[in-house]
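Structure data (mmCIF, C-alpha atoms) from start.cif:
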data_coords
loop_
_atom_site.label_atom_id
_atom_site.label_comp_id
_atom_site.auth_asym_id
_atom_site.auth_seq_id
_atom_site.Cartn_x
_atom_site.Cartn_y
_atom_site.Cartn_z
CA ASN A 1 0.00 0.00 0.00
CA PHE A 2 2.27 2.76 -1.19
CA ARG A 3 1.37 6.30 -2.15
CA HIS A 4 1.77 7.48 -5.70
CA ALA A 5 3.00 10.99 -6.34
CA PRO A 6 0.19 13.21 -7.62
CA PRO A 7 0.21 13.42 -11.45
CA ARG A 8 2.07 16.31 -13.06
CA THR A 9 -1.20 17.70 -14.42
CA GLU A 10 -2.14 19.09 -11.01
CA LYS A 11 0.93 21.31 -10.94
CA MET A 12 0.46 22.67 -14.47
CA ALA A 13 -0.46 26.34 -14.86
CA VAL A 14 -3.13 27.30 -17.37
CA ASP A 15 -0.78 29.60 -19.32
CA GLN A 16 2.22 27.27 -19.36
CA ASP A 17 4.43 26.75 -22.42
CA TRP A 18 3.01 23.55 -23.92
CA SER A 19 5.87 23.14 -26.39
CA SER A 20 8.22 22.39 -23.52
CA VAL A 21 5.93 19.61 -22.23
CA TYR A 22 5.78 17.92 -25.64
CA PRO A 23 8.72 19.26 -27.67
CA THR A 24 8.92 16.22 -29.97
CA ALA A 25 6.67 13.38 -30.99
CA ALA A 26 6.12 11.20 -27.95
CA ALA A 27 3.61 8.65 -26.77
CA PHE A 28 0.54 9.85 -24.90
CA LYS A 29 1.30 10.15 -21.18
CA PRO A 30 -1.93 10.48 -19.19
CA ALA A 31 -0.13 12.09 -16.27
CA SER A 32 1.32 14.81 -18.50
CA VAL A 33 -1.77 15.76 -20.49
CA PRO A 34 -4.24 17.82 -18.42
CA LEU A 35 -7.25 16.96 -20.59
CA PRO A 36 -10.15 14.71 -19.46
CA ILE A 37 -10.08 12.46 -22.53
CA ARG A 38 -12.02 9.23 -22.77
CA MET A 39 -11.46 6.76 -25.58
CA GLY A 40 -12.62 3.29 -26.43
CA TYR A 41 -15.84 1.31 -26.65
CA PRO A 42 -18.23 2.32 -23.87
CA VAL A 43 -19.21 -0.14 -21.15
CA LYS A 44 -22.87 -1.18 -21.25
CA ARG A 45 -24.98 1.86 -20.22
CA GLY A 46 -21.80 3.72 -19.40
CA VAL A 47 -19.10 5.94 -20.85
CA PRO A 48 -15.85 5.19 -22.73
CA PRO A 49 -12.96 4.29 -20.41
CA PRO A 50 -10.83 7.15 -18.93
CA LYS A 51 -7.34 8.07 -19.98
CA GLU A 52 -5.47 6.30 -17.16
CA GLY A 53 -4.06 3.04 -18.49
CA ASN A 54 -5.87 3.47 -21.85
CA LEU A 55 -4.06 1.58 -24.57
CA GLU A 56 -6.15 3.10 -27.37
CA LEU A 57 -4.80 6.56 -26.56
CA ILE A 58 -1.22 5.29 -26.58
CA LYS A 59 -1.62 3.40 -29.87
CA ILE A 60 -2.95 6.24 -32.01
CA PRO A 61 -0.39 8.82 -33.27
CA ASN A 62 -0.95 12.10 -31.44
CA PHE A 63 -0.21 15.63 -32.57
CA LEU A 64 0.42 17.07 -29.08
CA HIS A 65 3.88 18.24 -30.20
CA LEU A 66 2.37 20.13 -33.17
CA THR A 67 -0.02 22.62 -31.60
CA PRO A 68 -0.48 25.87 -33.57
CA PRO A 69 1.88 27.94 -31.36
CA ALA A 70 4.53 25.23 -31.69
CA ILE A 71 4.11 25.16 -35.49
CA LYS A 72 4.43 28.96 -35.61
CA LYS A 73 7.63 28.79 -33.57
CA HIS A 74 9.12 26.14 -35.84
CA CYS A 75 8.20 28.05 -38.99
CA ALA A 76 9.62 31.30 -37.62
CA ALA A 77 12.92 29.51 -37.13
CA LEU A 78 12.77 27.86 -40.56
CA LYS A 79 11.78 31.03 -42.42
CA ASP A 80 15.45 32.08 -42.70
CA PHE A 81 16.20 29.16 -44.95
CA CYS A 82 13.43 29.83 -47.44
CA THR A 83 13.83 31.92 -50.57
CA GLU A 84 11.16 33.90 -52.33
CA TRP A 85 9.53 33.02 -55.60
CA PRO A 86 10.45 35.58 -58.30
CA SER A 87 7.59 38.07 -58.40
CA ALA A 88 7.77 38.43 -62.18
CA LEU A 89 6.44 34.90 -62.67
CA ASP A 90 3.09 35.24 -61.00
CA SER A 91 0.95 33.41 -63.55
CA ASP A 92 1.09 30.07 -65.35
CA GLU A 93 1.32 31.74 -68.76
CA LYS A 94 4.43 33.73 -67.79
CA CYS A 95 6.07 30.59 -66.43
CA GLU A 96 5.20 28.86 -69.70
CA GLN A 97 6.67 31.70 -71.74
CA HIS A 98 10.02 31.89 -69.93
CA PHE A 99 10.37 28.26 -68.85
CA PRO A 100 8.62 26.07 -71.38
CA ILE A 101 9.91 22.67 -70.28
CA GLU A 102 8.24 20.89 -67.32
CA ILE A 103 9.98 17.98 -65.61
CA GLU A 104 7.84 15.86 -63.31
CA THR A 105 9.40 13.58 -60.70
CA VAL A 106 7.79 11.69 -57.83
CA ASP A 107 9.28 11.01 -54.38
CA TYR A 108 7.89 8.31 -52.09
CA VAL A 109 8.02 8.36 -48.27
CA SER A 110 6.82 5.35 -46.33
CA ALA A 111 7.77 3.16 -43.42
CA GLY A 112 8.98 -0.31 -44.18
CA THR A 113 12.00 -2.51 -44.34
CA SER A 114 13.49 -0.37 -47.13
CA ILE A 115 13.31 3.35 -47.84
CA ARG A 116 13.85 2.85 -51.59
CA ASN A 117 10.94 2.79 -54.02
CA PRO A 118 11.56 1.61 -57.60
CA LYS A 119 8.87 3.98 -58.92
CA ALA A 120 10.96 6.97 -57.89
CA ARG A 121 13.21 6.81 -60.94
CA VAL A 122 10.46 7.70 -63.46
CA VAL A 123 10.90 11.14 -65.10
CA THR A 124 8.24 12.80 -67.29
CA LEU A 125 9.22 15.67 -69.60
CA ARG A 126 6.45 17.89 -71.01
CA VAL A 127 6.93 20.67 -73.53
CA LYS A 128 4.64 22.62 -75.86
CA LEU A 129 5.75 22.39 -79.48
CA SER A 130 4.85 26.03 -80.10
CA ASN A 131 7.75 27.01 -77.82
CA LEU A 132 10.33 25.05 -79.81
CA ASN A 133 12.02 26.54 -82.87
CA LEU A 134 10.39 24.31 -85.52
CA ASP A 135 9.24 25.08 -89.05
CA ASP A 136 6.25 23.47 -90.74
CA HIS A 137 8.01 20.39 -92.14
CA ALA A 138 9.96 19.84 -88.89
CA LYS A 139 6.80 20.02 -86.78
CA LYS A 140 4.94 17.49 -88.94
CA LYS A 141 7.94 15.13 -88.97
CA LEU A 142 8.33 15.42 -85.19
CA ILE A 143 4.66 14.59 -84.64
CA LYS A 144 4.99 11.55 -86.89
CA LEU A 145 8.17 10.39 -85.12
CA VAL A 146 6.67 10.77 -81.70
CA GLY A 147 3.28 9.17 -82.35
CA ASP A 148 1.12 8.72 -79.28
CA ARG A 149 3.19 10.97 -77.05
CA TYR A 150 1.83 14.14 -78.69
CA CYS A 151 -1.59 15.50 -77.73
CA LYS A 152 -3.14 17.63 -80.46
CA ASP A 153 -5.66 19.45 -78.25
CA THR A 154 -3.11 20.88 -75.84
CA ASP A 155 -0.10 20.87 -78.21
CA MET A 156 1.94 19.02 -75.57
CA LEU A 157 4.72 16.54 -76.14
CA THR A 158 5.10 14.17 -73.17
CA ILE A 159 8.18 11.94 -72.87
CA THR A 160 8.20 9.45 -69.98
CA THR A 161 11.49 7.69 -69.28
CA ASP A 162 12.13 4.94 -66.82
CA ARG A 163 14.62 2.69 -68.56
CA CYS A 164 17.62 3.78 -66.48
CA PRO A 165 18.10 2.78 -62.85
CA LEU A 166 18.69 6.32 -61.50
CA ARG A 167 16.56 9.43 -61.74
CA ARG A 168 19.41 11.63 -62.96
CA GLN A 169 20.14 9.18 -65.76
CA ASN A 170 16.49 9.14 -66.79
CA TYR A 171 16.41 12.93 -66.84
CA ASP A 172 19.55 13.07 -69.01
CA TYR A 173 18.06 10.45 -71.32
CA SER A 174 14.81 12.40 -71.75
CA ILE A 175 16.74 15.59 -72.62
CA HIS A 176 18.82 13.54 -75.05
CA LEU A 177 15.62 12.18 -76.66
CA LEU A 178 14.25 15.70 -77.05
CA THR A 179 17.51 16.88 -78.65
CA VAL A 180 17.63 13.96 -81.06
CA LEU A 181 13.95 14.39 -82.05
CA TYR A 182 14.46 18.10 -82.62
CA HIS A 183 17.50 17.70 -84.84
CA GLU A 184 16.17 14.71 -86.75
CA SER A 185 12.95 16.55 -87.58
CA TRP A 186 14.89 19.39 -89.22
CA LYS A 187 16.69 16.91 -91.50
CA THR A 188 15.02 16.05 -94.81
CA GLU A 189 15.75 12.53 -96.00
CA MET A 190 15.66 11.52 -99.66
CA TRP A 191 12.74 9.17 -99.23
CA GLU A 192 10.56 11.92 -97.76
CA SER A 193 9.88 13.19 -101.26
CA GLU A 194 7.83 10.03 -101.85
CA LYS A 195 5.16 11.23 -99.41
CA THR A 196 1.78 10.34 -100.88
CA GLU A 197 -1.65 11.85 -100.37
CA GLU A 198 -2.53 9.21 -97.73
CA ASP A 199 0.42 10.36 -95.58
CA MET A 200 -0.66 13.97 -95.51
CA GLU A 201 -1.94 15.18 -92.14
CA GLU A 202 -4.34 17.73 -93.55
CA TYR A 203 -6.13 18.18 -96.84
CA ILE A 204 -4.35 20.36 -99.39
CA TRP A 205 -6.48 21.53 -102.30
CA GLU A 206 -3.69 22.34 -104.74
CA ASN A 207 -2.98 19.36 -107.05
CA SER A 208 -5.91 17.31 -105.79
CA CYS A 209 -8.71 15.59 -107.74
CA SER A 210 -11.18 18.21 -106.52
CA GLN A 211 -9.15 21.00 -108.12
CA LYS A 212 -8.69 19.05 -111.35
CA ASN A 213 -12.40 18.27 -111.61
CA ALA A 214 -13.47 21.85 -110.88
CA LEU A 215 -11.06 23.32 -113.47
CA ASP A 216 -12.08 20.67 -116.03
CA THR A 217 -15.78 21.48 -115.58
CA LEU A 218 -15.23 25.23 -115.78
CA LEU A 219 -13.06 24.93 -118.89
CA ARG A 220 -15.70 22.80 -120.59
CA ILE A 221 -18.46 25.28 -119.64
CA LYS A 222 -16.39 28.13 -121.08
CA ALA A 223 -15.61 26.09 -124.23
CA SER A 224 -19.31 25.28 -124.79
CA GLU A 225 -20.19 28.98 -124.42
CA ASN A 226 -17.45 29.70 -127.00
CA VAL A 227 -15.69 32.22 -124.78
CA SER A 228 -12.06 32.99 -125.67
CA ASN A 229 -9.53 30.73 -124.04
CA VAL A 230 -9.44 31.46 -120.37
CA THR A 231 -6.23 30.23 -118.72
CA GLU A 232 -6.15 28.05 -115.63
CA GLU A 233 -4.43 30.71 -113.53
CA GLU A 234 -7.28 33.15 -114.19
CA LEU A 235 -9.82 30.53 -113.20
CA LEU A 236 -7.87 29.72 -110.01
CA ALA A 237 -7.71 33.38 -109.10
CA SER A 238 -11.42 33.99 -109.57
CA GLU A 239 -13.73 34.43 -106.57
CA VAL A 240 -16.00 31.45 -107.19
CA VAL A 241 -13.13 28.98 -107.39
CA LYS A 242 -11.59 30.42 -104.22
CA ASN A 243 -14.90 30.05 -102.40
CA TYR A 244 -15.21 26.48 -103.58
CA ARG A 245 -11.63 25.73 -102.47
CA ASN A 246 -12.23 27.15 -98.97
CA SER A 247 -15.46 25.23 -98.49
CA VAL A 248 -13.89 21.91 -99.62
CA ILE A 249 -10.88 22.42 -97.30
CA ALA A 250 -13.21 23.23 -94.38
CA LEU A 251 -15.29 20.12 -95.05
CA LYS A 252 -12.29 17.79 -95.24
CA ASN A 253 -10.30 19.20 -92.32
CA GLU A 254 -13.01 20.02 -89.82
CA GLY A 255 -15.59 17.38 -90.64
CA GLU A 256 -19.19 17.90 -91.66
CA THR A 257 -21.03 20.56 -89.71
CA GLU A 258 -24.21 22.37 -90.73
CA ASN A 259 -22.24 25.51 -91.42
CA ASN A 260 -19.66 23.74 -93.56
CA VAL A 261 -22.20 21.88 -95.66
CA SER A 262 -24.31 24.98 -96.33
CA GLN A 263 -21.15 26.90 -97.28
CA TYR A 264 -20.26 24.12 -99.73
CA LYS A 265 -23.75 24.27 -101.21
CA GLU A 266 -23.51 28.06 -101.74
CA SER A 267 -20.08 27.82 -103.35
CA VAL A 268 -21.13 25.04 -105.75
CA LYS A 269 -24.21 27.02 -106.75
CA LYS A 270 -22.04 30.07 -107.52
CA LEU A 271 -19.45 27.95 -109.35
CA LEU A 272 -21.92 26.28 -111.69
CA ASN A 273 -24.14 29.38 -111.87
CA ILE A 274 -27.36 27.64 -110.82
CA GLN A 275 -29.53 30.14 -109.00
CA ALA A 276 -32.96 28.61 -109.29
CA LEU A 277 -32.52 25.69 -106.87
CA PRO A 278 -33.46 26.37 -103.21
CA MET B 1 18.69 26.14 -27.05
CA PRO B 2 21.98 24.19 -26.76
CA GLY B 3 25.08 26.21 -27.58
CA GLU B 4 25.77 24.66 -31.00
CA ALA B 5 26.63 26.81 -33.99
CA TYR B 6 24.96 25.71 -37.23
CA CYS B 7 26.83 26.81 -40.35
CA VAL B 8 24.45 28.26 -42.92
CA SER B 9 26.00 28.54 -46.36
CA ILE B 10 24.50 30.63 -49.15
CA SER B 11 25.42 29.41 -52.61
CA ASP B 12 25.19 31.44 -55.81
CA GLU B 13 23.93 28.78 -58.14
CA PRO B 14 20.51 29.62 -59.66
CA GLU B 15 17.59 27.99 -57.86
CA THR B 16 15.47 25.43 -59.62
CA LEU B 17 11.83 26.50 -59.69
CA TYR B 18 8.93 24.19 -58.92
CA LYS B 19 5.70 25.20 -60.56
CA ARG B 20 3.63 22.76 -58.53
CA LEU B 21 4.25 20.48 -55.56
CA SER B 22 1.59 17.84 -55.04
CA LEU B 23 1.58 15.94 -51.74
CA LEU B 24 -0.58 12.83 -51.58
CA VAL B 25 -0.84 11.44 -48.05
CA LYS B 26 -2.22 7.95 -47.46
CA GLY B 27 -3.25 6.46 -44.15
CA HIS B 28 -5.57 4.00 -42.48
CA ASP B 29 -7.12 6.51 -40.07
CA LYS B 30 -9.07 9.53 -41.27
CA ALA B 31 -8.70 11.47 -38.02
CA VAL B 32 -4.91 11.29 -38.22
CA LEU B 33 -5.00 12.56 -41.81
CA ASP B 34 -7.30 15.44 -40.83
CA SER B 35 -4.91 16.56 -38.09
CA TYR B 36 -1.99 16.22 -40.50
CA GLU B 37 -3.82 18.32 -43.06
CA TYR B 38 -4.32 21.11 -40.51
CA PHE B 39 -0.61 20.94 -39.64
CA ALA B 40 0.60 20.94 -43.27
CA VAL B 41 -1.68 23.82 -44.33
CA LEU B 42 -0.68 25.94 -41.33
CA ALA B 43 3.01 25.24 -41.95
CA ALA B 44 2.64 26.25 -45.61
CA LYS B 45 0.87 29.48 -44.66
CA GLU B 46 3.51 30.37 -42.05
CA LEU B 47 6.34 29.79 -44.53
CA GLY B 48 4.55 31.90 -47.15
CA ILE B 49 3.75 29.12 -49.63
CA SER B 50 0.52 29.51 -51.59
CA VAL B 51 -1.80 26.53 -51.21
CA GLU B 52 -3.70 25.89 -54.43
CA LYS B 53 -6.21 23.39 -53.10
CA VAL B 54 -6.67 20.64 -50.56
CA HIS B 55 -8.88 17.79 -51.60
CA LYS B 56 -9.65 14.35 -50.27
CA PRO B 57 -9.91 11.64 -52.93
CA PRO B 58 -12.38 8.91 -51.95
CA LYS B 59 -11.12 6.06 -49.78
CA LYS B 60 -10.21 2.66 -51.22
CA ILE B 61 -11.19 -0.52 -49.39
CA GLU B 62 -9.34 -3.76 -50.12
CA ARG B 63 -11.28 -6.78 -48.88
CA LEU B 64 -10.27 -10.40 -48.56
CA THR B 65 -12.30 -13.42 -47.67
CA LEU B 66 -10.43 -16.28 -45.95
CA LEU B 67 -11.39 -19.58 -44.45
CA LYS B 68 -12.18 -19.32 -40.76
CA SER B 69 -10.85 -22.71 -39.79
CA VAL B 70 -7.49 -24.34 -40.31
CA HIS B 71 -8.95 -27.52 -41.82
CA ILE B 72 -12.29 -28.04 -43.70
CA TYR B 73 -15.44 -25.98 -42.86
CA LYS B 74 -15.53 -24.36 -46.25
CA LYS B 75 -18.86 -22.68 -45.55
CA HIS B 76 -17.50 -20.61 -42.67
CA ARG B 77 -15.30 -17.77 -43.73
CA VAL B 78 -13.94 -14.60 -42.21
CA GLN B 79 -13.62 -11.27 -44.06
CA TYR B 80 -10.94 -8.64 -43.52
CA GLU B 81 -10.70 -5.22 -45.08
CA MET B 82 -7.97 -2.60 -45.35
CA ARG B 83 -9.14 0.98 -45.71
CA THR B 84 -6.81 3.55 -47.25
CA HIS B 85 -7.80 7.20 -46.88
CA TYR B 86 -6.18 9.85 -49.09
CA MET B 87 -5.53 13.55 -48.73
CA CYS B 88 -4.02 15.62 -51.50
CA LEU B 89 -2.35 18.98 -50.90
CA GLU B 90 -1.35 21.08 -53.92
CA LEU B 91 1.14 23.91 -53.49
CA LYS B 92 2.14 26.40 -56.14
CA TYR B 93 5.27 28.31 -57.01
CA LEU B 94 8.11 27.18 -54.77
CA THR B 95 11.86 27.60 -55.12
CA SER B 96 14.09 24.64 -54.44
CA SER B 97 15.26 25.86 -51.01
CA THR B 98 11.70 26.61 -49.87
CA ALA B 99 10.57 23.23 -51.16
CA ALA B 100 13.46 21.47 -49.42
CA VAL B 101 12.71 23.24 -46.11
CA TYR B 102 8.97 22.60 -46.28
CA LEU B 103 9.28 18.98 -47.35
CA GLU B 104 11.89 18.19 -44.70
CA TYR B 105 9.73 19.76 -41.97
CA VAL B 106 6.56 18.07 -43.11
CA GLN B 107 8.19 14.67 -43.67
CA ARG B 108 9.97 14.62 -40.33
CA ASN B 109 6.61 15.11 -38.64
CA LEU B 110 4.83 12.45 -40.68
CA PRO B 111 2.93 10.28 -38.18
CA GLU B 112 3.50 6.55 -37.88
CA GLY B 113 1.57 4.46 -40.36
CA VAL B 114 1.12 7.27 -42.88
CA ALA B 115 2.78 7.28 -46.32
CA MET B 116 3.39 10.21 -48.64
CA GLU B 117 4.00 10.68 -52.37
CA VAL B 118 5.42 13.99 -53.50
CA LYS B 119 5.03 14.93 -57.16
CA LYS B 120 7.32 17.83 -58.13
CA THR B 121 6.87 19.74 -61.39
CA LYS B 122 10.09 21.59 -62.16
CA ILE B 123 10.17 24.25 -64.86
CA GLU B 124 13.23 24.85 -67.03
CA LYS B 125 14.38 26.86 -69.99
CA ILE B 126 15.00 25.15 -73.32
CA PRO B 127 18.67 23.99 -73.34
CA GLU B 128 21.03 25.76 -75.79
CA HIS B 129 21.50 22.75 -77.99
CA ILE B 130 17.80 22.77 -78.92
CA GLN B 131 17.61 26.48 -79.79
CA GLU B 132 18.89 26.08 -83.36
CA PRO B 133 19.10 23.00 -85.57
CA VAL B 134 22.66 21.82 -85.62
CA TRP B 135 22.72 21.13 -89.37
CA ASP B 136 23.20 24.83 -90.15
CA THR B 137 26.42 25.07 -88.22
CA LEU B 138 28.07 21.76 -89.13
CA PRO B 139 30.85 21.90 -91.73
CA GLN B 140 29.96 20.57 -95.18
CA VAL B 141 30.07 16.78 -95.04
CA GLU B 142 30.59 14.68 -98.18
CA GLU B 143 27.39 13.05 -99.34
CA THR B 144 28.96 9.66 -99.78
CA GLU B 145 29.64 9.33 -96.06
CA VAL B 146 27.34 6.80 -94.46
CA LYS B 147 25.14 8.35 -91.76
CA SER B 148 24.96 5.99 -88.78
#

As structure tokens, how would this structure be written, given the file I've shared?
Amino acid sequence: NFRHAPPRTEKMAVDQDWSSVYPTAAAFKPASVPLPIRMGYPVKRGVPPPKEGNLELIKIPNFLHLTPPAIKKHCAALKDFCTEWPSALDSDEKCEQHFPIEIETVDYVSAGTSIRNPKARVVTLRVKLSNLNLDDHAKKKLIKLVGDRYCKDTDMLTITTDRCPLRRQNYDYSIHLLTVLYHESWKTEMWESEKTEEDMEEYIWENSCSQKNALDTLLRIKASENVSNVTEEELLASEVVKNYRNSVIALKNEGETENNVSQYKESVKKLLNIQALP
Amino acid sequence: MPGEAYCVSISDEPETLYKRLSLLVKGHDKAVLDSYEYFAVLAAKELGISVEKVHKPPKKIERLTLLKSVHIYKKHRVQYEMRTHYMCLELKYLTSSTAAVYLEYVQRNLPEGVAMEVKKTKIEKIPEHIQEPVWDTLPQVEETEVKS
């Protein structure tokens, strides 16, 4: 039958410095925490068990060492080591304009037998093609070389590398890939001159069947009306043919919308001079 | 404070800039993650880091069904589940020293049983060797040379 010393909580002042009671992460000590906490499953028609000898309170991680005044103290001490973000780059567009390349890396923190995580070596490089110095042919060749990694809607090229064991190596490899793609797309190989109509990315009206047919028809109309020989260049430069060309290009490149189809109808009517049809 | 002198060195190399820092915290207990969120947001505000948004992706429950007994009794099973709660904190516009300070502080105070994934988006200028195509500056090479 021996007397226990009274718990420390009875000697604590209300305005004490809590960060000296719990300066670091520590287990919950019921004699050091002056709060009437109860935790656990309640007894039948009763209340949850008190804090003395409560294993549930010891098991759960507590944040008693991270009260708001303690956090403010820590941050005040750490503020000296922080640097400020340059005020000129206050929006995403400005960052994009001055620093077009984005490198994404992931770090993993977890408890376990090993602190390493094999997913940490993956590096993703993203860049907008409009920021690179590419001309028309180079851009089309780059898009063809890169395939799936280019997104047309956002004009973003995404290169993900994870074939090297270290993150720095993967980063160097992705920059190397970008360099090689850039320089290769500026080169013109001999076999590129054999590019056929199926390989073209967008519809070009010059030298297509549509142009040939339209000119043929117009020449025959002029011949049947016995007008003096009009040259092809004059026909190409005339308004009606230009209208027709624009409407055909719109139809092929953008797909069939109501607007496009009605424009095509108007241009064909003007071309063939048929006014009577609705 | 103990009488130790910490040497702080200031280097002149240009800082790398992080456009976005995304912290995804995973844990089994939602209350612990809530407290951690309060701590991380307050720490970011005190250090002057702009918090873009804090959102909580829905929890994922992994369930397994095992036999209750060691031998036979196939009809009597027991089911266990593991719940993983997530909390995602997105910070914008940090320099590398600020990011290092914040991440070290926040990771040292990560509670037991909680894991974190940090996704850093670094922004860079285009390197010099991609500014101009190199074919303009190379000396004239004979056409018969085989290009490897």

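Once the PyMOL selection byres ((chain B) within 7 of (chain A)) is applied to the shown structure, the selection contains Ala43, Glu46, Leu47, Tyr93, Leu94, Thr95, Ser97, Thr98, Val101, Pro111, Glu112, Val114, Ala115, Met116, Glu117, Val118, Lys119, Lys120, Thr121, Lys122, Ile123, Glu124, Lys125, Ile126, Ile130, Gln131, Glu132, Pro133 and Val134 of chain B.
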
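Residues within 12 Å of His55 in chain B, counting only C-alpha atoms and excluding same-chain residues fewer than 3 positions away, are Ser22, Leu23, Leu24, Val25, Leu33, Asp34, Glu37, Val41, Val51, Glu52, Pro58, His85, Tyr86, Met87, Cys88, Leu89, Glu90 and Leu91 of chain B.
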
Next on the checklist: Quick one: residues within 12 Å of Cys164 in chain A, all atoms listed in the file, excluding same-chain residues fewer than 2 positions away - as a ChimeraX atom specification?
Outcome noted: /A:118-123,160-162,166-174

Next on the checklist: Could you tell me how far CA of Gly255 in chain A sits from CA of Leu157 in chain A, in Å to one decimal place?
Outcome noted: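 A separation of 25.0 Å between them.
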
Next on the checklist: Which residues would end up in the selection if the PyMOL selection byres ((chain A and resi 143) around 12) were applied here, given that I need the answer as a PyMOL selection string?
Outcome noted: chain A and resi 128-129+134+136-142+144-152+155-158+181-182+184-185+201

Starting from the block above, write range 93-99 of chain A out to a file with all heavy atoms, as a CSV table (one decimal), in the first residue's frame, please.
chain,number,residue,atom,x,y,z
A,93,GLU,N,0.9,31.4,-67.4
A,93,GLU,CA,1.3,31.7,-68.8
A,93,GLU,C,2.7,32.3,-68.8
A,93,GLU,O,3.5,32.0,-69.7
A,93,GLU,CB,0.4,32.8,-69.4
A,93,GLU,CG,-1.0,32.2,-69.7
A,93,GLU,CD,-1.9,32.2,-68.5
A,93,GLU,OE1,-1.6,32.9,-67.5
A,93,GLU,OE2,-2.8,31.4,-68.5
A,94,LYS,N,3.1,33.2,-67.8
A,94,LYS,CA,4.4,33.7,-67.8
A,94,LYS,C,5.5,32.6,-67.6
A,94,LYS,O,6.5,32.7,-68.2
A,94,LYS,CB,4.5,34.8,-66.7
A,94,LYS,CG,3.8,36.0,-67.0
A,94,LYS,CD,4.4,37.3,-66.3
A,94,LYS,CE,3.4,38.4,-66.4
A,94,LYS,NZ,3.1,39.1,-65.2
A,95,CYS,N,5.1,31.7,-66.7
A,95,CYS,CA,6.1,30.6,-66.4
A,95,CYS,C,6.3,29.8,-67.7
A,95,CYS,O,7.4,29.4,-68.1
A,95,CYS,CB,5.5,29.6,-65.4
A,95,CYS,SG,5.5,30.3,-63.7
A,96,GLU,N,5.2,29.6,-68.4
A,96,GLU,CA,5.2,28.9,-69.7
A,96,GLU,C,6.1,29.6,-70.7
A,96,GLU,O,6.8,29.0,-71.5
A,96,GLU,CB,3.8,28.8,-70.2
A,96,GLU,CG,3.6,28.1,-71.5
A,96,GLU,CD,3.5,26.6,-71.4
A,96,GLU,OE1,2.8,26.2,-70.6
A,96,GLU,OE2,4.3,26.0,-72.2
A,97,GLN,N,6.0,30.9,-70.7
A,97,GLN,CA,6.7,31.7,-71.7
A,97,GLN,C,8.2,31.7,-71.5
A,97,GLN,O,9.0,31.5,-72.4
A,97,GLN,CB,6.1,33.1,-71.7
A,97,GLN,CG,6.6,34.0,-72.7
A,97,GLN,CD,6.3,35.5,-72.3
A,97,GLN,OE1,5.5,35.7,-71.4
A,97,GLN,NE2,6.9,36.4,-72.9
A,98,HIS,N,8.6,31.8,-70.2
A,98,HIS,CA,10.0,31.9,-69.9
A,98,HIS,C,10.6,30.5,-69.7
A,98,HIS,O,11.8,30.3,-70.0
A,98,HIS,CB,10.3,32.8,-68.7
A,98,HIS,CG,9.8,34.2,-68.9
A,98,HIS,ND1,10.6,35.1,-69.5
A,98,HIS,CD2,8.8,34.8,-68.5
A,98,HIS,CE1,10.0,36.2,-69.6
A,98,HIS,NE2,8.9,36.1,-68.9
A,99,PHE,N,9.9,29.6,-69.2
A,99,PHE,CA,10.4,28.3,-68.9
A,99,PHE,C,9.4,27.2,-69.4
A,99,PHE,O,8.6,26.7,-68.8
A,99,PHE,CB,10.5,28.1,-67.3
A,99,PHE,CG,11.4,29.0,-66.6
A,99,PHE,CD1,10.9,30.2,-66.1
A,99,PHE,CD2,12.7,28.7,-66.5
A,99,PHE,CE1,11.8,31.1,-65.5
A,99,PHE,CE2,13.6,29.6,-65.8
A,99,PHE,CZ,13.1,30.8,-65.4
